[in-house]
Every structure is written in C-alpha cells, then in structure tokens.
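Engineer: Sharing upload-v4.txt below, compact mmCIF, C-alpha atoms and all ligand atoms:
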```txt
# COMPACT_ATOMS: atom_id res chain seq x y z
CA MET M 1129 3.34 85.93 -27.80
CA ARG M 1130 5.21 87.03 -24.70
CA ARG M 1131 8.85 88.06 -25.16
CA THR M 1132 11.24 86.28 -22.85
CA LEU M 1133 12.93 88.57 -20.32
CA ILE M 1134 16.21 87.66 -18.67
CA ALA M 1135 16.94 90.11 -15.88
CA GLY M 1136 20.07 90.13 -13.75
CA ASN M 1137 19.85 91.45 -10.22
CA TRP M 1138 23.27 92.43 -8.95
CA LYS M 1139 21.91 93.28 -5.48
CA MET M 1140 24.58 95.14 -3.44
CA HIS M 1141 27.50 93.97 -5.55
CA LYS M 1142 30.03 95.64 -7.85
CA ASN M 1143 31.65 99.06 -7.82
CA SER M 1144 32.42 101.48 -10.59
CA GLU M 1145 35.42 99.50 -11.84
CA THR M 1146 33.87 96.02 -11.69
CA ALA M 1147 30.54 97.16 -13.15
CA ARG M 1148 32.28 98.72 -16.15
CA GLY M 1149 34.49 95.65 -16.48
CA PHE M 1150 31.40 93.45 -16.58
CA ALA M 1151 29.77 95.66 -19.22
CA ARG M 1152 32.90 95.64 -21.40
CA ASP M 1153 33.24 91.83 -21.25
CA PHE M 1154 29.53 91.29 -21.70
CA LEU M 1155 29.25 93.61 -24.70
CA LYS M 1156 32.13 91.82 -26.45
CA LEU M 1157 30.21 88.55 -26.34
CA TYR M 1158 26.53 89.58 -26.43
CA GLN M 1159 24.60 89.31 -29.66
CA THR M 1160 21.21 90.88 -30.14
CA THR M 1161 18.42 88.39 -29.92
CA PRO M 1162 15.12 89.13 -31.66
CA ASP M 1163 12.77 87.32 -29.29
CA LEU M 1164 14.37 88.12 -25.98
CA ASP M 1165 14.89 91.14 -23.73
CA VAL M 1166 17.90 91.40 -21.42
CA CYS M 1167 18.15 93.73 -18.48
CA ILE M 1168 20.53 94.34 -15.58
CA ALA M 1169 19.44 95.73 -12.23
CA ALA M 1170 22.53 97.47 -10.91
CA PRO M 1171 23.11 99.47 -7.74
CA PHE M 1172 22.01 103.10 -8.13
CA THR M 1173 25.63 104.27 -8.27
CA GLU M 1174 26.31 102.19 -11.40
CA LEU M 1175 23.09 102.80 -13.32
CA LEU M 1176 24.22 105.86 -15.25
CA ALA M 1177 27.47 104.20 -16.33
CA LEU M 1178 25.58 101.12 -17.53
CA GLU M 1179 23.02 103.28 -19.32
CA GLU M 1180 25.87 104.98 -21.20
CA MET M 1181 27.65 101.74 -22.02
CA PHE M 1182 24.42 100.07 -23.22
CA ARG M 1183 23.49 103.00 -25.49
CA GLY M 1184 22.98 101.82 -29.07
CA THR M 1185 22.33 98.24 -27.93
CA ASP M 1186 19.00 96.57 -27.11
CA LEU M 1187 20.02 96.01 -23.49
CA PHE M 1188 17.92 97.46 -20.71
CA THR M 1189 18.77 98.70 -17.24
CA ALA M 1190 16.77 98.36 -14.04
CA ALA M 1191 16.85 99.86 -10.58
CA GLN M 1192 16.50 97.51 -7.61
CA ASN M 1193 14.07 99.75 -5.73
CA MET M 1194 12.60 103.25 -5.71
CA HIS M 1195 10.38 105.44 -3.55
CA PHE M 1196 6.68 105.93 -4.32
CA GLU M 1197 6.76 109.74 -4.09
CA ASP M 1198 8.24 111.98 -6.79
CA GLN M 1199 10.34 113.99 -4.35
CA GLY M 1200 10.42 115.09 -0.73
CA ALA M 1201 12.11 114.70 2.62
CA PHE M 1202 12.93 111.00 2.29
CA THR M 1203 16.61 110.81 3.14
CA GLY M 1204 18.41 108.06 1.28
CA GLU M 1205 15.64 107.34 -1.22
CA ILE M 1206 15.58 107.54 -5.02
CA SER M 1207 12.44 108.48 -6.97
CA ALA M 1208 10.90 107.31 -10.24
CA PRO M 1209 11.57 110.64 -12.04
CA MET M 1210 15.23 110.41 -11.01
CA LEU M 1211 15.45 106.97 -12.59
CA ALA M 1212 13.46 107.99 -15.66
CA GLU M 1213 15.73 111.00 -16.23
CA ILE M 1214 18.81 108.86 -16.67
CA GLY M 1215 16.99 106.44 -18.98
CA VAL M 1216 16.35 103.49 -16.68
CA ASP M 1217 13.74 101.11 -18.14
CA PHE M 1218 12.67 98.71 -15.37
CA VAL M 1219 12.48 98.81 -11.59
CA ILE M 1220 12.36 95.83 -9.25
CA VAL M 1221 9.61 96.30 -6.70
CA GLY M 1222 8.97 94.26 -3.57
CA HIS M 1223 11.99 91.96 -3.67
CA SER M 1224 11.80 89.58 -0.70
CA GLU M 1225 15.02 91.05 0.70
CA ARG M 1226 13.38 94.46 0.78
CA ARG M 1227 10.23 93.01 2.31
CA ALA M 1228 12.30 91.20 4.97
CA TYR M 1229 14.92 93.85 5.84
CA PHE M 1230 13.45 97.19 4.78
CA ALA M 1231 9.80 97.00 5.79
CA GLU M 1232 8.41 96.81 2.24
CA THR M 1233 4.72 95.92 2.42
CA ASP M 1234 2.08 94.91 -0.09
CA GLU M 1235 0.78 98.47 0.15
CA THR M 1236 4.12 100.14 -0.66
CA VAL M 1237 4.70 97.64 -3.46
CA ASN M 1238 1.37 98.69 -4.99
CA LYS M 1239 2.18 102.40 -4.63
CA LYS M 1240 5.57 101.85 -6.26
CA ALA M 1241 4.08 99.86 -9.16
CA LYS M 1242 1.62 102.70 -9.84
CA LYS M 1243 4.34 105.34 -9.59
CA ALA M 1244 6.63 103.38 -11.92
CA PHE M 1245 3.99 103.50 -14.68
CA GLU M 1246 3.51 107.25 -14.20
CA TRP M 1247 7.13 107.65 -15.24
CA ASN M 1248 7.15 105.04 -17.95
CA LEU M 1249 9.20 102.57 -15.95
CA THR M 1250 8.19 98.91 -16.05
CA PRO M 1251 7.88 97.35 -12.60
CA ILE M 1252 9.28 93.88 -12.01
CA ILE M 1253 7.06 92.93 -9.08
CA CYS M 1254 8.45 90.18 -6.85
CA CYS M 1255 6.45 87.65 -4.91
CA GLY M 1256 7.20 84.35 -3.23
CA GLU M 1257 6.72 82.31 -0.11
CA THR M 1258 9.09 81.31 2.72
CA LEU M 1259 9.99 77.70 3.39
CA ALA M 1260 7.80 77.70 6.51
CA GLN M 1261 4.82 78.95 4.51
CA ARG M 1262 5.37 76.23 1.90
CA GLU M 1263 5.66 73.57 4.59
CA GLN M 1264 2.28 74.70 5.90
CA GLY M 1265 0.77 74.50 2.42
CA LEU M 1266 0.25 78.27 2.28
CA GLU M 1267 2.35 79.08 -0.80
CA ARG M 1268 -0.53 79.58 -3.22
CA HIS M 1269 -2.48 81.70 -0.80
CA ILE M 1270 0.55 83.92 0.01
CA VAL M 1271 1.55 84.46 -3.59
CA ARG M 1272 -1.99 85.11 -4.82
CA HIS M 1273 -2.43 87.70 -2.09
CA GLN M 1274 0.87 89.44 -2.90
CA VAL M 1275 0.04 89.61 -6.61
CA VAL M 1276 -3.54 90.83 -6.14
CA MET M 1277 -2.37 93.56 -3.77
CA ALA M 1278 0.52 94.62 -6.01
CA LEU M 1279 -1.65 95.04 -9.10
CA ALA M 1280 -4.68 96.62 -7.41
CA GLY M 1281 -5.91 99.73 -9.19
CA LEU M 1282 -3.69 99.35 -12.28
CA THR M 1283 -5.34 99.73 -15.68
CA PRO M 1284 -5.59 96.63 -17.92
CA GLU M 1285 -2.85 98.11 -20.13
CA GLN M 1286 -0.57 98.58 -17.13
CA VAL M 1287 -1.24 95.06 -15.89
CA ALA M 1288 -0.44 93.70 -19.34
CA LYS M 1289 2.91 95.53 -19.34
CA SER M 1290 3.85 94.49 -15.80
CA VAL M 1291 6.43 91.86 -15.06
CA ILE M 1292 5.93 89.50 -12.13
CA ALA M 1293 8.86 87.58 -10.67
CA TYR M 1294 8.02 84.47 -8.69
CA GLU M 1295 10.94 84.03 -6.32
CA PRO M 1296 10.41 81.42 -3.61
CA ILE M 1297 12.47 82.67 -0.69
CA TRP M 1298 13.82 79.20 0.06
CA ALA M 1299 15.44 79.14 -3.40
CA ILE M 1300 17.13 82.55 -3.26
CA GLY M 1301 20.90 82.36 -2.88
CA THR M 1302 20.63 78.79 -1.54
CA GLY M 1303 21.51 76.81 -4.65
CA LYS M 1304 18.19 75.05 -4.07
CA VAL M 1305 16.30 75.74 -7.28
CA ALA M 1306 12.57 74.99 -7.58
CA THR M 1307 11.87 72.11 -9.94
CA PRO M 1308 10.49 73.23 -13.29
CA GLU M 1309 7.17 71.64 -12.29
CA VAL M 1310 6.91 73.54 -8.99
CA ALA M 1311 7.97 76.80 -10.63
CA GLU M 1312 5.48 76.30 -13.48
CA GLU M 1313 2.67 75.45 -11.09
CA MET M 1314 3.21 78.67 -9.14
CA CYS M 1315 3.59 80.81 -12.27
CA ARG M 1316 0.31 79.34 -13.49
CA VAL M 1317 -1.36 80.16 -10.16
CA ILE M 1318 -0.15 83.74 -10.65
CA ARG M 1319 -1.48 83.98 -14.21
CA THR M 1320 -4.81 82.53 -13.14
CA VAL M 1321 -5.30 85.01 -10.31
CA ILE M 1322 -4.38 87.87 -12.64
CA ARG M 1323 -7.01 86.60 -15.10
CA THR M 1324 -9.62 86.55 -12.33
CA HIS M 1325 -8.94 90.18 -11.41
CA HIS M 1326 -7.77 91.73 -14.68
CA GLY M 1327 -9.11 89.53 -17.48
CA ASP M 1328 -7.14 88.99 -20.66
CA ALA M 1329 -4.25 91.18 -19.51
CA ALA M 1330 -3.09 87.94 -17.88
CA ASP M 1331 -2.07 86.63 -21.30
CA ASP M 1332 0.44 89.46 -21.76
CA VAL M 1333 1.99 89.70 -18.28
CA ARG M 1334 5.49 88.32 -18.26
CA ILE M 1335 6.07 86.00 -15.33
CA LEU M 1336 9.69 85.26 -14.43
CA TYR M 1337 11.10 82.62 -12.14
CA GLY M 1338 13.92 83.59 -9.76
CA GLY M 1339 15.90 81.61 -7.19
CA SER M 1340 19.24 79.91 -7.91
CA VAL M 1341 18.86 80.13 -11.70
CA LYS M 1342 22.15 78.96 -13.23
CA PRO M 1343 23.37 78.12 -16.75
CA ASP M 1344 22.71 74.42 -16.17
CA ASN M 1345 19.09 74.72 -14.96
CA ALA M 1346 17.86 77.72 -16.96
CA LYS M 1347 16.69 75.85 -20.06
CA GLU M 1348 14.34 73.41 -18.33
CA LEU M 1349 12.77 76.28 -16.36
CA MET M 1350 12.41 78.54 -19.41
CA ASP M 1351 10.82 75.71 -21.40
CA MET M 1352 7.76 75.73 -19.13
CA GLU M 1353 4.64 77.30 -20.61
CA ASP M 1354 3.94 79.99 -18.02
CA ILE M 1355 7.57 80.92 -17.28
CA ASP M 1356 8.54 83.83 -19.49
CA GLY M 1357 12.05 84.44 -18.25
CA ALA M 1358 14.28 84.62 -15.22
CA LEU M 1359 15.37 87.00 -12.50
CA VAL M 1360 18.95 85.98 -11.85
CA GLY M 1361 20.93 86.93 -8.76
CA GLY M 1362 24.36 85.36 -8.19
CA ALA M 1363 24.83 84.05 -11.73
CA SER M 1364 24.29 87.53 -13.21
CA LEU M 1365 27.50 88.79 -11.62
CA ASP M 1366 29.62 86.89 -14.12
CA PRO M 1367 29.23 87.90 -17.79
CA VAL M 1368 29.84 84.40 -19.12
CA ASP M 1369 27.36 82.73 -16.75
CA PHE M 1370 24.78 85.41 -17.49
CA LEU M 1371 25.28 84.97 -21.24
CA ASP M 1372 24.96 81.20 -20.87
CA ILE M 1373 21.59 81.72 -19.19
CA ILE M 1374 20.52 84.05 -22.02
CA HIS M 1375 21.56 81.44 -24.58
CA ALA M 1376 19.73 78.71 -22.70
CA ALA M 1377 16.56 80.83 -22.80
CA GLU M 1378 16.92 81.38 -26.57
CA ASN M 1379 16.83 77.75 -27.56
P1 LIG U 1 19.94 83.97 -6.73
O1 LIG U 1 19.88 83.75 -8.21
O2 LIG U 1 21.31 84.36 -6.26
O3 LIG U 1 19.34 82.83 -5.98
O4 LIG U 1 19.03 85.26 -6.41
C1 LIG U 1 17.74 85.31 -6.88
C2 LIG U 1 17.19 86.68 -6.66
O5 LIG U 1 16.89 87.06 -5.55
C3 LIG U 1 17.06 87.55 -7.83
O6 LIG U 1 16.31 88.68 -7.52
```
Would you mind writing the file's structure down as structure tokens?

Structural biologist:
Amino acid sequence: MRRTLIAGNWKMHKNSETARGFARDFLKLYQTTPDLDVCIAAPFTELLALEEMFRGTDLFTAAQNMHFEDQGAFTGEISAPMLAEIGVDFVIVGHSERRAYFAETDETVNKKAKKAFEWNLTPIICCGETLAQREQGLERHIVRHQVVMALAGLTPEQVAKSVIAYEPIWAIGTGKVATPEVAEEMCRVIRTVIRTHHGDAADDVRILYGGSVKPDNAKELMDMEDIDGALVGGASLDPVDFLDIIHAAEN
C-alpha cells in the first residue's frame, strides 16, 4: 500500500509574514489524516519558520532544490546537510523550471537524488515533457529517459523510498490539466520503467501528478491507480484550496 502524498510547491512566493500567516490558518483547519502525508516546499528563507510551526504535527517540509556537494565554494547554493540540520524532510529535485532556467541536467538530478539519501532527505524527482515533445509523440521516451537517469545507481531501498512527480510542462501554471487518463498512462509508463530497472521497488515508489491541480480536479486524478498524490503549485498558496485538495485525496 502506497501512502498518498500531497505536496505543495510555493516556488518563489511568500515572505516571512505571509508564510507564517499561511501556516497559522492552515493549522487551524488541518486534521491529521492516517493514510496521507502532507508536505510544503517553501523558499529556503521560510523553511525554518515552517519547521518550527509544524513541530508536533504530522506535516512535512520540503526544499525546492539543493546542491549535490556537502559544502564548498558554490556561492548561492544550499546543501543537503544544511537542510537536514533544520529538520527538512523532502527535497524537490529536477523541477522543470530548474531544468529550463538553471541548467539542471539529468546528471545533476541523479547526483542530487543520491546526496539527498545520504542525509536522510527524500527526493521528489520531477520529470515531464514539453508540449512540442508531446506533439511529436516523444513524451514516453523523454520521461522514461529522465526517470532512468535520475534513479541510476540508487539501491533498491532508496528507489522504493523515492518520490517521482510527473509534471507535463504544458500543464504547469497554465490551467490546462492533463486528463486523468493521460496522467495515469504516463504514471504507469514511469512505474513500468522503474520495474524494468529496479524490480519490485517499483511497487513502493510514490508517483505524483503535478500541473494545474486544483480542488475541483484533484479527486479524479487521485483516484487513478498509479497516481499516488499531487505536487501542487498555485493552489498550494492558499490554505483553503490546499486543504480542499488534501480532502479530495482522502476520499
Ligand atoms: P501549478 O500547480 O501552478 O500548475 O504548478 C505545478 C508545479 O510546477 C508544481 O511543482
């Protein structure tokens, strides 16, 4: 049985005041759910505050990126031990925005996934095709390649603990959500390629869908067999919308 994971990705939004405001409002309404994990990926500057406010709850925090070295002359970067020290649980790796704007490659994604496990952080590894790639019928090929590269060299236990987020780039921030059938088909492609390379660990990997997930489309996506949760961008900025998505995933 895979536990559902609903992860919010705030991207470069919220400051100290609005992040704390979100946490206060969210905590007033949130009720622990036995079969579901909830996590928020906040900007680095807000992670410690969220960690403190979530203490004593079952809520998790995530970073949106990290470097693959422990320390060094890498101006502007944050390392896995820095995140681990403040109690961060998950780290998003290889988001398409980082691949597109910050030169993230399949190789750095793989290095980061390995480094995350060294420090007991769970990587949420993102993959997904562009609209042009889909129009050329390349989506399966692209996503298989990204996933195989990202997981290369991980132990079966690490693969089993990993989280994969299928985020078609054409659905991110566009309001154009993938149909449940398209999302399921791609998540199944991902699970199948993981089985080919890593055997039964494929049964335990959590595969999330991301891309314009909203309260009104979350349930039909989460109902699909190979979709184990959601990576939510815009709708995670509002505590009520985010809670509605969590509730939709519970039912
Ligand atoms: P939206 O939910 O805003 O489309 O963003 C998806 C995403 O990129 C989450 O990582």

Engineer: Give as JSON, numbers by chain the residues surrounding ligand LIG 1 (chain U) up to a distance of 10 Å, considering only C-alpha atoms and all ligand atoms.

Structural biologist: {"M": [1135, 1136, 1137, 1138, 1139, 1169, 1192, 1220, 1223, 1224, 1225, 1252, 1254, 1293, 1294, 1295, 1296, 1297, 1298, 1299, 1300, 1301, 1302, 1303, 1304, 1305, 1337, 1338, 1339, 1340, 1341, 1342, 1358, 1359, 1360, 1361, 1362, 1363, 1364, 1365]}

Engineer: So which residues fall inside 8 Å of (11.4, 84.7, -21.5) if we count all atoms listed in the file? Mind giving them as a PyMOL selection string?

Structural biologist: chain M and resi 1130-1134+1164-1165+1334+1336+1350+1355-1358+1377

Engineer: Between M:Glu1232, M:Glu1205, M:Asp1354, M:Asp1332, which residue has the minimum interatomic distance to Cys1315 in chain M, considering only C-alpha atoms?

Structural biologist: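 Result for the nearest residue to Cys1315 in chain M: M:Asp1354.
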
Engineer: I want to know what sits within 12 Å of range 1143-1150 of chain M, based on only C-alpha atoms, with residues of the same chain fewer than 6 positions away left out; could you give that as number ranges by chain?

Structural biologist: M: 1156-1158, 1168-1182, 1364-1371

Engineer: For the atom pair CA of Leu1187 in chain M and CA of Asn1345 in chain M, what is the interatomic distance in Å to one decimal place?

Structural biologist: 23.0 Å

Engineer: Considering only C-alpha atoms, state which residue in the set M:Gln1159, M:Phe1188, M:Ala1280, M:Met1352 is at the smallest distance from Val1310 in chain M.

Structural biologist: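 For Val1310 in chain M, the nearest of the given residues is M:Met1352.
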
Engineer: Using only C-alpha atoms, determine which residues lie at most 12 Å from Arg1316 in chain M, disregarding the query and same-chain residues fewer than 2 positions distant; provide the list as a PyMOL selection string.

Structural biologist: chain M and resi 1268+1271-1272+1292+1294+1308-1314+1318-1323+1330-1331+1333-1337+1352-1356

Engineer: Grab the residues selected above and save them as a compact mmCIF listing (two decimals), in the coordinates of the input with C-alpha atoms.

Structural biologist:
```txt
# COMPACT_ATOMS: atom_id res chain seq x y z
CA ARG M 1268 -0.53 79.58 -3.22
CA VAL M 1271 1.55 84.46 -3.59
CA ARG M 1272 -1.99 85.11 -4.82
CA ILE M 1292 5.93 89.50 -12.13
CA TYR M 1294 8.02 84.47 -8.69
CA PRO M 1308 10.49 73.23 -13.29
CA GLU M 1309 7.17 71.64 -12.29
CA VAL M 1310 6.91 73.54 -8.99
CA ALA M 1311 7.97 76.80 -10.63
CA GLU M 1312 5.48 76.30 -13.48
CA GLU M 1313 2.67 75.45 -11.09
CA MET M 1314 3.21 78.67 -9.14
CA ILE M 1318 -0.15 83.74 -10.65
CA ARG M 1319 -1.48 83.98 -14.21
CA THR M 1320 -4.81 82.53 -13.14
CA VAL M 1321 -5.30 85.01 -10.31
CA ILE M 1322 -4.38 87.87 -12.64
CA ARG M 1323 -7.01 86.60 -15.10
CA ALA M 1330 -3.09 87.94 -17.88
CA ASP M 1331 -2.07 86.63 -21.30
CA VAL M 1333 1.99 89.70 -18.28
CA ARG M 1334 5.49 88.32 -18.26
CA ILE M 1335 6.07 86.00 -15.33
CA LEU M 1336 9.69 85.26 -14.43
CA TYR M 1337 11.10 82.62 -12.14
CA MET M 1352 7.76 75.73 -19.13
CA GLU M 1353 4.64 77.30 -20.61
CA ASP M 1354 3.94 79.99 -18.02
CA ILE M 1355 7.57 80.92 -17.28
CA ASP M 1356 8.54 83.83 -19.49
```

Engineer: Report the distance between CA of Thr1189 in chain M and CA of His1326 in chain M in Å, rounded to one decimal place.

Structural biologist: 27.6 Å

Engineer: Could you tell me how far CA of Arg1152 in chain M lies from CA of Ile1214 in chain M, in Å and to one decimal?

Structural biologist: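 Going from CA of Arg1152 in chain M over to CA of Ile1214 in chain M, I get 19.9 Å.
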